[in-house]
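Data from upload-v8.txt: compact mmCIF, C-alpha atoms
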# COMPACT_ATOMS: atom_id res chain seq x y z
CA MET H 1 21.47 2.52 -2.81
CA ASN H 2 20.32 -0.60 -4.68
CA GLU H 3 21.13 -2.69 -1.64
CA LEU H 4 18.95 -0.41 0.50
CA LEU H 5 16.09 -0.61 -1.99
CA LEU H 6 16.34 -4.38 -2.24
CA GLY H 7 16.15 -4.57 1.57
CA LEU H 8 13.05 -2.35 1.50
CA ALA H 9 11.37 -4.44 -1.21
CA ASP H 10 12.19 -7.73 0.52
CA ASP H 11 10.89 -6.38 3.84
CA GLU H 12 7.63 -5.29 2.26
CA LEU H 13 7.16 -8.58 0.42
CA VAL H 14 7.84 -10.72 3.48
CA ILE H 15 5.84 -8.69 6.00
CA GLY H 16 3.02 -8.60 3.45
CA TRP H 17 3.18 -12.37 3.33
CA ARG H 18 3.30 -12.75 7.10
CA ASP H 19 0.43 -10.29 7.65
CA SER H 20 -1.67 -12.11 5.08
CA GLU H 21 -1.42 -15.21 7.27
CA TRP H 22 -4.14 -13.58 9.41
CA THR H 23 -6.58 -13.49 6.50
CA GLY H 24 -9.58 -15.50 7.56
CA ILE H 25 -8.40 -16.13 11.13
CA ALA H 26 -7.82 -12.70 12.70
CA PRO H 27 -9.52 -12.30 16.11
CA MET H 28 -11.99 -9.72 14.73
CA LEU H 29 -13.58 -9.22 11.33
CA GLU H 30 -12.26 -5.63 11.20
CA GLU H 31 -8.72 -6.89 11.70
CA ASP H 32 -9.18 -9.59 9.12
CA VAL H 33 -10.01 -6.84 6.59
CA ALA H 34 -7.26 -4.55 7.89
CA PHE H 35 -4.48 -7.16 7.80
CA SER H 36 -5.52 -8.37 4.35
CA SER H 37 -5.60 -4.82 3.03
CA ILE H 38 -2.27 -3.87 4.63
CA ALA H 39 -0.70 -7.04 3.23
CA GLN H 40 -1.98 -6.19 -0.24
CA ASN H 41 -0.48 -2.69 0.01
CA GLU H 42 2.87 -3.95 1.27
CA ILE H 43 3.19 -6.48 -1.53
CA GLY H 44 2.23 -3.73 -4.01
CA HIS H 45 5.03 -1.58 -2.59
CA ALA H 46 7.45 -4.50 -2.94
CA ARG H 47 6.49 -4.89 -6.58
CA ALA H 48 6.95 -1.18 -7.33
CA VAL H 49 10.45 -1.25 -5.83
CA TYR H 50 11.42 -4.54 -7.53
CA GLU H 51 10.36 -2.89 -10.81
CA LEU H 52 12.83 -0.08 -10.14
CA LEU H 53 15.59 -2.65 -9.72
CA SER H 54 14.78 -5.11 -12.48
CA ASP H 55 12.85 -5.57 -15.72
CA ASP H 56 11.42 -8.79 -14.28
CA ALA H 57 9.98 -8.08 -10.84
CA ASP H 58 8.66 -11.62 -10.37
CA ALA H 59 12.06 -13.14 -11.08
CA LEU H 60 13.71 -10.84 -8.57
CA ALA H 61 11.00 -11.52 -5.99
CA PHE H 62 10.88 -15.30 -6.30
CA ASP H 63 13.88 -16.79 -8.12
CA ARG H 64 16.58 -16.13 -5.52
CA ASP H 65 17.87 -18.61 -2.98
CA PRO H 66 16.58 -17.95 0.55
CA THR H 67 20.02 -16.77 1.70
CA GLU H 68 20.08 -14.09 -1.01
CA TYR H 69 17.15 -12.18 0.47
CA ARG H 70 17.93 -8.92 2.23
CA CYS H 71 14.85 -8.79 4.47
CA ALA H 72 15.29 -7.89 8.13
CA PRO H 73 14.76 -10.77 10.56
CA LEU H 74 11.86 -8.81 12.15
CA VAL H 75 9.63 -9.46 9.14
CA GLN H 76 10.61 -13.12 8.83
CA LEU H 77 9.33 -14.21 12.24
CA HIS H 78 6.36 -16.52 12.17
CA LEU H 79 4.18 -14.98 14.88
CA LEU H 80 1.14 -16.83 16.08
CA ASP H 81 0.31 -14.55 18.96
CA TRP H 82 -1.75 -11.38 18.47
CA ALA H 83 0.26 -9.31 20.99
CA HIS H 84 3.48 -10.11 19.10
CA THR H 85 1.81 -9.52 15.75
CA ILE H 86 0.60 -6.07 16.78
CA ALA H 87 3.95 -5.29 18.44
CA ARG H 88 5.71 -6.12 15.16
CA ARG H 89 3.26 -4.06 13.08
CA TRP H 90 3.79 -1.05 15.34
CA LEU H 91 7.59 -1.37 15.52
CA TYR H 92 7.82 -1.99 11.79
CA GLU H 93 5.71 1.05 10.90
CA VAL H 94 7.67 3.38 13.18
CA ALA H 95 10.97 2.12 11.68
CA ASP H 96 9.58 2.19 8.15
CA GLU H 97 8.49 5.82 8.50
CA ILE H 98 12.09 6.80 9.35
CA ARG H 99 13.48 4.79 6.44
CA ILE H 100 10.94 5.96 3.83
CA GLY H 101 11.34 9.56 4.98
CA ALA H 102 15.06 9.35 4.25
CA LEU H 103 14.46 7.95 0.74
CA MET H 104 11.69 10.27 -0.46
CA ASP H 105 13.87 12.97 -2.01
CA GLU H 106 15.84 10.55 -4.15
CA VAL H 107 13.27 7.88 -4.98
CA PRO H 108 9.94 9.24 -6.29
CA VAL H 109 8.07 6.00 -5.64
CA ALA H 110 9.05 6.21 -1.95
CA ALA H 111 6.93 9.36 -1.66
CA LYS H 112 4.01 7.50 -3.16
CA ILE H 113 4.53 4.58 -0.79
CA ASN H 114 4.58 7.07 2.07
CA ARG H 115 1.05 8.32 1.26
CA GLU H 116 -0.33 4.79 1.66
CA GLU H 117 1.75 3.98 4.71
CA ALA H 118 0.05 6.85 6.55
CA TYR H 119 -2.98 4.57 6.96
CA HIS H 120 -0.87 1.67 8.20
CA ARG H 121 0.64 4.01 10.78
CA MET H 122 -2.78 5.17 11.95
CA HIS H 123 -3.85 1.54 12.34
CA ALA H 124 -0.68 0.60 14.24
CA GLU H 125 -0.89 3.70 16.42
CA MET H 126 -4.53 2.96 17.33
CA TRP H 127 -3.50 -0.49 18.55
CA HIS H 128 -0.46 0.87 20.34
CA GLU H 129 -2.64 3.39 22.21
CA ARG H 130 -5.01 0.62 23.20
CA LEU H 131 -2.42 -1.90 24.35
CA LYS H 132 0.58 0.09 25.54
CA ALA H 133 -0.16 -0.44 29.23
CA GLU H 134 -0.76 -4.19 28.88
CA PRO H 135 2.09 -6.34 30.22
CA ARG H 136 1.67 -8.90 27.47
CA PHE H 137 2.07 -6.26 24.77
CA ARG H 138 5.03 -4.62 26.51
CA ASP H 139 6.77 -7.97 26.80
CA ALA H 140 6.22 -8.59 23.09
CA VAL H 141 7.67 -5.16 22.23
CA ALA H 142 10.71 -5.83 24.45
CA GLU H 143 11.27 -9.21 22.84
CA LEU H 144 11.05 -7.83 19.28
CA TRP H 145 13.01 -4.65 19.98
CA PRO H 146 16.48 -5.95 18.85
CA TYR H 147 14.81 -7.15 15.65
CA ALA H 148 13.13 -3.76 15.04
CA LEU H 149 16.50 -2.00 15.23
CA GLY H 150 17.74 -4.30 12.46
CA VAL H 151 15.25 -2.79 9.99
CA LEU H 152 17.25 0.46 9.94
CA GLN H 153 20.75 1.57 9.06
CA PRO H 154 22.89 2.00 12.21
CA GLU H 155 22.80 5.81 11.95
CA GLN H 156 18.98 5.83 11.93
CA ARG H 157 18.58 3.71 15.08
CA ALA H 158 18.88 6.46 17.65
CA GLU H 159 15.79 8.11 16.18
CA LEU H 160 13.86 4.85 16.38
CA ALA H 161 14.90 4.39 20.02
CA ALA H 162 13.71 7.92 20.81
CA ARG H 163 10.34 7.40 19.12
CA VAL H 164 9.72 4.00 20.69
CA GLY H 165 11.07 5.07 24.09
CA LEU H 166 13.54 2.20 24.54
CA ASP H 167 17.33 2.15 24.79
CA GLU H 168 19.41 1.09 21.81
CA VAL H 169 20.72 -2.48 22.12
CA ALA H 170 22.57 -4.82 19.74
CA ALA H 171 20.40 -5.30 16.67
CA VAL H 172 19.47 -8.53 14.90
CA GLU H 173 20.98 -7.62 11.55
CA ARG H 174 19.98 -8.27 7.95
CA GLY H 175 21.70 -11.31 6.54
CA THR H 176 20.71 -13.43 9.52
CA PHE H 177 17.81 -15.76 8.89
CA ASP H 178 15.19 -17.01 11.24
CA ASP H 179 14.55 -20.76 11.05
CA SER H 180 11.03 -20.04 9.83
CA PHE H 181 12.26 -18.20 6.72
CA ALA H 182 13.21 -21.23 4.60
CA PRO H 183 9.73 -22.81 4.92
CA LEU H 184 8.16 -19.40 4.17
CA HIS H 185 10.34 -19.02 1.08
CA ASP H 186 9.32 -22.48 -0.02
CA GLU H 187 5.66 -21.54 0.29
CA MET H 188 6.07 -18.10 -1.38
CA THR H 189 7.78 -19.54 -4.43
CA MET H 190 5.68 -22.69 -4.77
CA VAL H 191 3.36 -21.48 -7.52
CA ARG H 192 6.17 -19.99 -9.58
CA ARG H 193 8.32 -23.11 -9.27
CA SER H 194 5.50 -25.43 -10.20
CA ALA H 195 4.23 -23.43 -13.20
CA PRO H 196 4.99 -25.02 -16.56
CA ALA H 197 7.15 -22.99 -18.94
CA GLY H 198 5.09 -20.45 -20.84
CA ALA H 199 2.31 -20.27 -18.25
CA GLN H 200 0.52 -16.91 -18.13
CA TRP H 201 -1.73 -15.21 -15.62
CA MET O 202 -4.65 9.34 -37.33
CA VAL O 203 -6.66 10.04 -34.19
CA THR O 204 -6.46 13.40 -32.47
CA ALA O 205 -5.64 13.97 -28.81
CA GLU O 206 -9.25 15.09 -28.27
CA GLU O 207 -10.53 11.78 -29.63
CA VAL O 208 -8.18 9.86 -27.34
CA TRP O 209 -9.36 11.85 -24.31
CA ALA O 210 -12.99 11.20 -25.32
CA ALA O 211 -12.27 7.47 -25.59
CA LEU O 212 -10.58 7.45 -22.17
CA GLU O 213 -13.63 9.23 -20.71
CA GLU O 214 -15.60 6.10 -21.57
CA ILE O 215 -13.38 3.64 -19.70
CA PRO O 216 -14.88 2.96 -16.27
CA ASP O 217 -12.79 2.33 -13.19
CA PRO O 218 -12.89 -1.48 -12.79
CA GLU O 219 -13.82 -1.34 -9.09
CA ILE O 220 -15.91 1.84 -8.94
CA PRO O 221 -17.44 1.91 -12.42
CA VAL O 222 -19.41 5.13 -11.84
CA VAL O 223 -16.20 7.09 -12.50
CA SER O 224 -14.02 6.99 -15.61
CA LEU O 225 -10.24 6.94 -15.74
CA VAL O 226 -10.36 10.63 -16.68
CA ASP O 227 -12.61 11.43 -13.66
CA LEU O 228 -10.14 9.56 -11.46
CA GLY O 229 -7.29 11.76 -12.70
CA VAL O 230 -4.97 8.86 -13.52
CA ILE O 231 -4.36 9.95 -17.13
CA ARG O 232 -1.40 12.24 -16.82
CA SER O 233 -0.98 13.12 -20.48
CA VAL O 234 -2.01 12.23 -24.01
CA ASP O 235 0.51 12.99 -26.72
CA VAL O 236 -0.26 12.54 -30.40
CA SER O 237 2.74 13.43 -32.52
CA ASP O 238 5.14 11.98 -35.10
CA GLY O 239 2.59 9.33 -36.00
CA ARG O 240 2.51 7.96 -32.44
CA VAL O 241 -0.08 8.03 -29.68
CA ARG O 242 1.31 8.04 -26.16
CA VAL O 243 -0.78 7.85 -23.02
CA ALA O 244 0.93 8.37 -19.66
CA PHE O 245 -0.92 6.79 -16.79
CA THR O 246 -0.28 6.95 -13.03
CA PRO O 247 -1.29 4.25 -10.55
CA THR O 248 -3.66 5.11 -7.72
CA PHE O 249 -2.67 2.68 -4.95
CA LEU O 250 0.43 0.60 -5.71
CA GLY O 251 -1.10 -2.67 -4.62
CA CYS O 252 -4.37 -2.09 -6.46
CA PRO O 253 -5.16 -5.10 -8.65
CA ALA O 254 -7.23 -2.82 -10.90
CA LEU O 255 -4.04 -1.31 -12.35
CA GLU O 256 -3.48 -4.10 -14.84
CA PHE O 257 -7.12 -3.97 -15.87
CA MET O 258 -6.94 -0.22 -16.42
CA LYS O 259 -3.81 -0.54 -18.55
CA ARG O 260 -5.35 -3.30 -20.62
CA ALA O 261 -8.61 -1.36 -21.00
CA ILE O 262 -6.69 1.63 -22.40
CA GLU O 263 -4.85 -0.62 -24.83
CA GLU O 264 -8.10 -2.18 -25.99
CA ARG O 265 -10.03 1.06 -26.30
CA VAL O 266 -7.18 2.96 -28.00
CA PRO O 267 -5.28 0.17 -29.81
CA GLU O 268 -2.75 2.53 -31.39
CA ALA O 269 -1.72 3.92 -27.98
CA GLU O 270 1.56 3.16 -26.26
CA VAL O 271 0.71 3.17 -22.57
CA GLU O 272 3.42 4.32 -20.22
CA VAL O 273 2.91 3.66 -16.50
CA VAL O 274 4.47 6.50 -14.50
CA GLN O 275 5.56 5.21 -11.08
CA ASP O 276 6.10 8.52 -9.38
CA ASP O 277 4.25 10.51 -6.77
CA SER O 278 2.20 12.61 -9.18
CA TRP O 279 -1.19 11.07 -8.33
CA SER O 280 -3.06 11.90 -5.16
CA THR O 281 -6.78 11.93 -4.48
CA ASP O 282 -6.64 15.68 -5.18
CA LYS O 283 -6.36 14.67 -8.86
CA ILE O 284 -9.93 13.32 -8.88
CA THR O 285 -11.96 15.83 -10.92
CA ALA O 286 -14.94 17.80 -9.57
CA ALA O 287 -17.20 15.76 -11.86
CA GLY O 288 -15.63 12.58 -10.52
CA ARG O 289 -16.26 13.62 -6.92
CA GLU O 290 -19.91 14.32 -7.65
CA LYS O 291 -20.33 10.93 -9.36
CA LEU O 292 -18.77 9.21 -6.34
CA ARG O 293 -21.08 11.01 -3.94
CA ALA O 294 -24.14 10.22 -6.03
CA ALA O 295 -23.20 6.53 -5.93
CA GLY O 296 -22.86 6.50 -2.11
CA PHE O 297 -19.09 6.79 -1.85
CA ALA O 298 -17.96 9.73 0.24
CA PRO O 299 -15.45 11.44 -2.04
CA PRO O 300 -11.99 12.11 -0.60
CA ALA O 301 -11.66 15.61 0.80
CA PRO O 302 -8.79 17.73 -0.53
CA ARG O 303 -5.65 16.85 1.44
CA LEU O 304 -5.29 20.21 3.16
CA VAL O 305 -8.92 20.33 4.22
CA GLN O 306 -8.80 16.75 5.47
CA ILE O 307 -5.67 17.21 7.51
CA GLN O 308 -6.97 20.41 9.12
CA SER O 309 -10.63 19.59 9.68
CA GLN O 310 -10.73 15.80 10.21
CA VAL O 311 -14.42 16.00 9.25
CA HIS O 312 -15.97 13.22 7.15
CA ARG O 313 -19.42 13.92 5.74
CA CYS O 314 -22.05 11.31 5.04
CA PRO O 315 -22.59 10.97 1.25
CA TYR O 316 -26.32 10.36 1.80
CA CYS O 317 -27.42 13.11 4.20
CA GLY O 318 -24.37 15.38 4.35
CA SER O 319 -24.07 15.13 8.14
CA PRO O 320 -20.57 15.53 9.63
CA GLU O 321 -21.64 13.26 12.53
CA THR O 322 -19.93 10.11 11.28
CA ARG O 323 -17.60 7.66 12.96
CA LEU O 324 -14.80 5.42 11.74
CA GLU O 325 -15.68 1.73 11.64
CA ASN O 326 -12.53 0.51 9.93
CA LEU O 327 -9.60 2.30 8.28
CA PHE O 328 -9.60 -0.51 5.74
CA GLY O 329 -12.35 -1.72 3.47
CA PRO O 330 -13.11 -3.83 0.41
CA THR O 331 -10.33 -2.23 -1.67
CA PRO O 332 -7.11 -0.40 -0.71
CA CYS O 333 -8.66 3.01 -1.48
CA ARG O 334 -11.64 2.76 0.88
CA SER O 335 -12.40 3.06 4.61
CA LEU O 336 -15.66 2.14 6.30
CA ARG O 337 -17.64 4.76 8.26
CA TYR O 338 -21.07 4.98 9.88
CA CYS O 339 -23.37 8.00 9.84
CA GLU O 340 -24.86 8.72 13.28
CA SER O 341 -27.50 11.02 11.75
CA CYS O 342 -29.11 8.84 9.08
CA ARG O 343 -27.73 5.57 10.49
CA GLN O 344 -26.21 4.43 7.25
CA PRO O 345 -22.88 2.70 6.91
CA PHE O 346 -20.92 4.08 3.96
CA GLU O 347 -17.61 3.76 2.18
CA GLN O 348 -15.17 6.63 2.41
CA PHE O 349 -12.63 7.11 -0.38
CA LYS O 350 -9.35 7.59 1.49
CA THR O 351 -7.53 10.87 1.09
CA ILE O 352 -3.94 10.16 0.08
Would you encode the structure as structure tokens?
Amino acid sequence: MNELLLGLADDELVIGWRDSEWTGIAPMLEEDVAFSSIAQNEIGHARAVYELLSDDADALAFDRDPTEYRCAPLVQLHLLDWAHTIARRWLYEVADEIRIGALMDEVPVAAKINREEAYHRMHAEMWHERLKAEPRFRDAVAELWPYALGVLQPEQRAELAARVGLDEVAAVERGTFDDSFAPLHDEMTMVRRSAPAGAQW
Amino acid sequence: MVTAEEVWAALEEIPDPEIPVVSLVDLGVIRSVDVSDGRVRVAFTPTFLGCPALEFMKRAIEERVPEAEVEVVQDDSWSTDKITAAGREKLRAAGFAPPAPRLVQIQSQVHRCPYCGSPETRLENLFGPTPCRSLRYCESCRQPFEQFKTI
């Protein structure tokens, strides 16, 4: 169970970080606000779950080696293209709904996370409705599909395939790291590493 | 030794850091106040998990009621249905459309303008200046307004 929760927290932290990369440069002001707000929520969820696992959430979030993270490769990818970014948001939210739904009975904070995720799902679904017929979006979904499967436990993947409307294929599993993850980790941990002992914020 | 009533009264005076027209009590985030065995315990539930106001709220309670031990309860006990009737009215008066009760919201999908009461409003953005707010526009009185999200 702790392994599952650590994967959830790492996913939320890293996708929060990646989504926040659109702050200030999203193609529309509305999306700038939306991505910043979603990123803030996701990082808040990561913190709540790290706090379940450790007395020092910051240490758990930032003091591990990059290879010790349990985040799915889907969230690690450094995406510079809006079609891919939206495809990831949509795939991630559909997968996350399945995962959170399975945790809600046992983990009270998962039910709280679920209330907030409802708005992320509405946002992702709005974009999916708008773009689903566009070849560029469909190509992005197809490319990210093996990564999306890797967010879930093997027994949950059939449900994801049914919801997304694609066939199950070999997943890109947790424990594999995209080349862009080490530089991201370096950036995420920069402030903590550079802070003098005893620093407070 | 303070009484529980005095602690509640003190908490009534702590404004929400981001929407100061409502107090922490109006917002429904104070789950319990327990004064017994020479200790004062305040249980407090977060609104949105990523809300940066949480730390401020916790600190404000500790400053206003220095003898209190503040326990943050990370469960699913808070929803916007916990906002009191008085809190909803204060939100409306300040131009924030208060969150509808969950059941009503899910069934009706109607969002009323806090200024003129019209249901003829449209969504501008699900997300707004803080995690708890959406942006809407009233077609009747042509005012943009902030909608407190129902969660």
**Interface list for chain H, partner chain O, 10 Å threshold, all atoms listed in the file, as a PyMOL selection string** = chain H and resi 29-49+51-52+104+107-120+122-123
**Residue contacts of Thr322 (chain O) (12 Å, only C-alpha atoms) excluding same-chain residues fewer than 2 positions away, as a PyMOL selection string** = chain O and resi 298+310-320+324-325+336-348
**Message:** Which residue is closest to Glu290 (chain O)? Choose from O:Val222, O:Glu206, O:Glu268, O:Arg323 and count only C-alpha atoms.
**Reply:**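 Among the listed residues, the smallest separation from Glu290 (chain O) belongs to O:Val222.
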**Request:** List the neighbours of Ala87 (chain H) out to 9 Å using all atoms listed in the file; skip same-chain residues closer than 5 positions along the sequence, and give me the result as a list in words.
**Result:** Trp82, Tyr92, Ala124, Trp127, His128, Phe137, Arg138, Ala140, Val141 and Leu144 of chain H
**Prompt:** So which residues are close to (-12.7, -0.2, -7.1), meaning at most 8 Å away in the file's coordinates with only C-alpha atoms counted, and can you show them as a PyMOL selection string?
**Reply:** chain O and resi 217-221+254+331+333
Write the residues of the selection above to a file with C-alpha atoms, as a compact mmCIF listing (two decimals), keeping the file's coordinate frame.
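The resulting result-v5.txt:
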# COMPACT_ATOMS: atom_id res chain seq x y z
CA ASP O 217 -12.79 2.33 -13.19
CA PRO O 218 -12.89 -1.48 -12.79
CA GLU O 219 -13.82 -1.34 -9.09
CA ILE O 220 -15.91 1.84 -8.94
CA PRO O 221 -17.44 1.91 -12.42
CA ALA O 254 -7.23 -2.82 -10.90
CA THR O 331 -10.33 -2.23 -1.67
CA CYS O 333 -8.66 3.01 -1.48
Arg18 (chain H) environment, 10 Å, all atoms listed in the file, sequence neighbours closer than 4 positions dropped, as a PDB file with C-alpha atoms, in the frame of the given file:
ATOM      1  CA  GLU H  12       7.630  -5.290   2.260  1.00  0.00           C
ATOM      2  CA  LEU H  13       7.160  -8.580   0.420  1.00  0.00           C
ATOM      3  CA  VAL H  14       7.840 -10.720   3.480  1.00  0.00           C
ATOM      4  CA  TRP H  22      -4.140 -13.580   9.410  1.00  0.00           C
ATOM      5  CA  THR H  23      -6.580 -13.490   6.500  1.00  0.00           C
ATOM      6  CA  PHE H  35      -4.480  -7.160   7.800  1.00  0.00           C
ATOM      7  CA  ALA H  39      -0.700  -7.040   3.230  1.00  0.00           C
ATOM      8  CA  VAL H  75       9.630  -9.460   9.140  1.00  0.00           C
ATOM      9  CA  GLN H  76      10.610 -13.120   8.830  1.00  0.00           C
ATOM     10  CA  LEU H  77       9.330 -14.210  12.240  1.00  0.00           C
ATOM     11  CA  HIS H  78       6.360 -16.520  12.170  1.00  0.00           C
ATOM     12  CA  LEU H  79       4.180 -14.980  14.880  1.00  0.00           C
ATOM     13  CA  THR H  85       1.810  -9.520  15.750  1.00  0.00           C
ATOM     14  CA  LEU H 184       8.160 -19.400   4.170  1.00  0.00           C
TER      15      LEU H 184
END
**Request:** Kindly give the distance, in Å, that separates CA of Leu160 (chain H) and CA of Ile98 (chain H), rounded to a single decimal.
**Result:** 7.5 Å
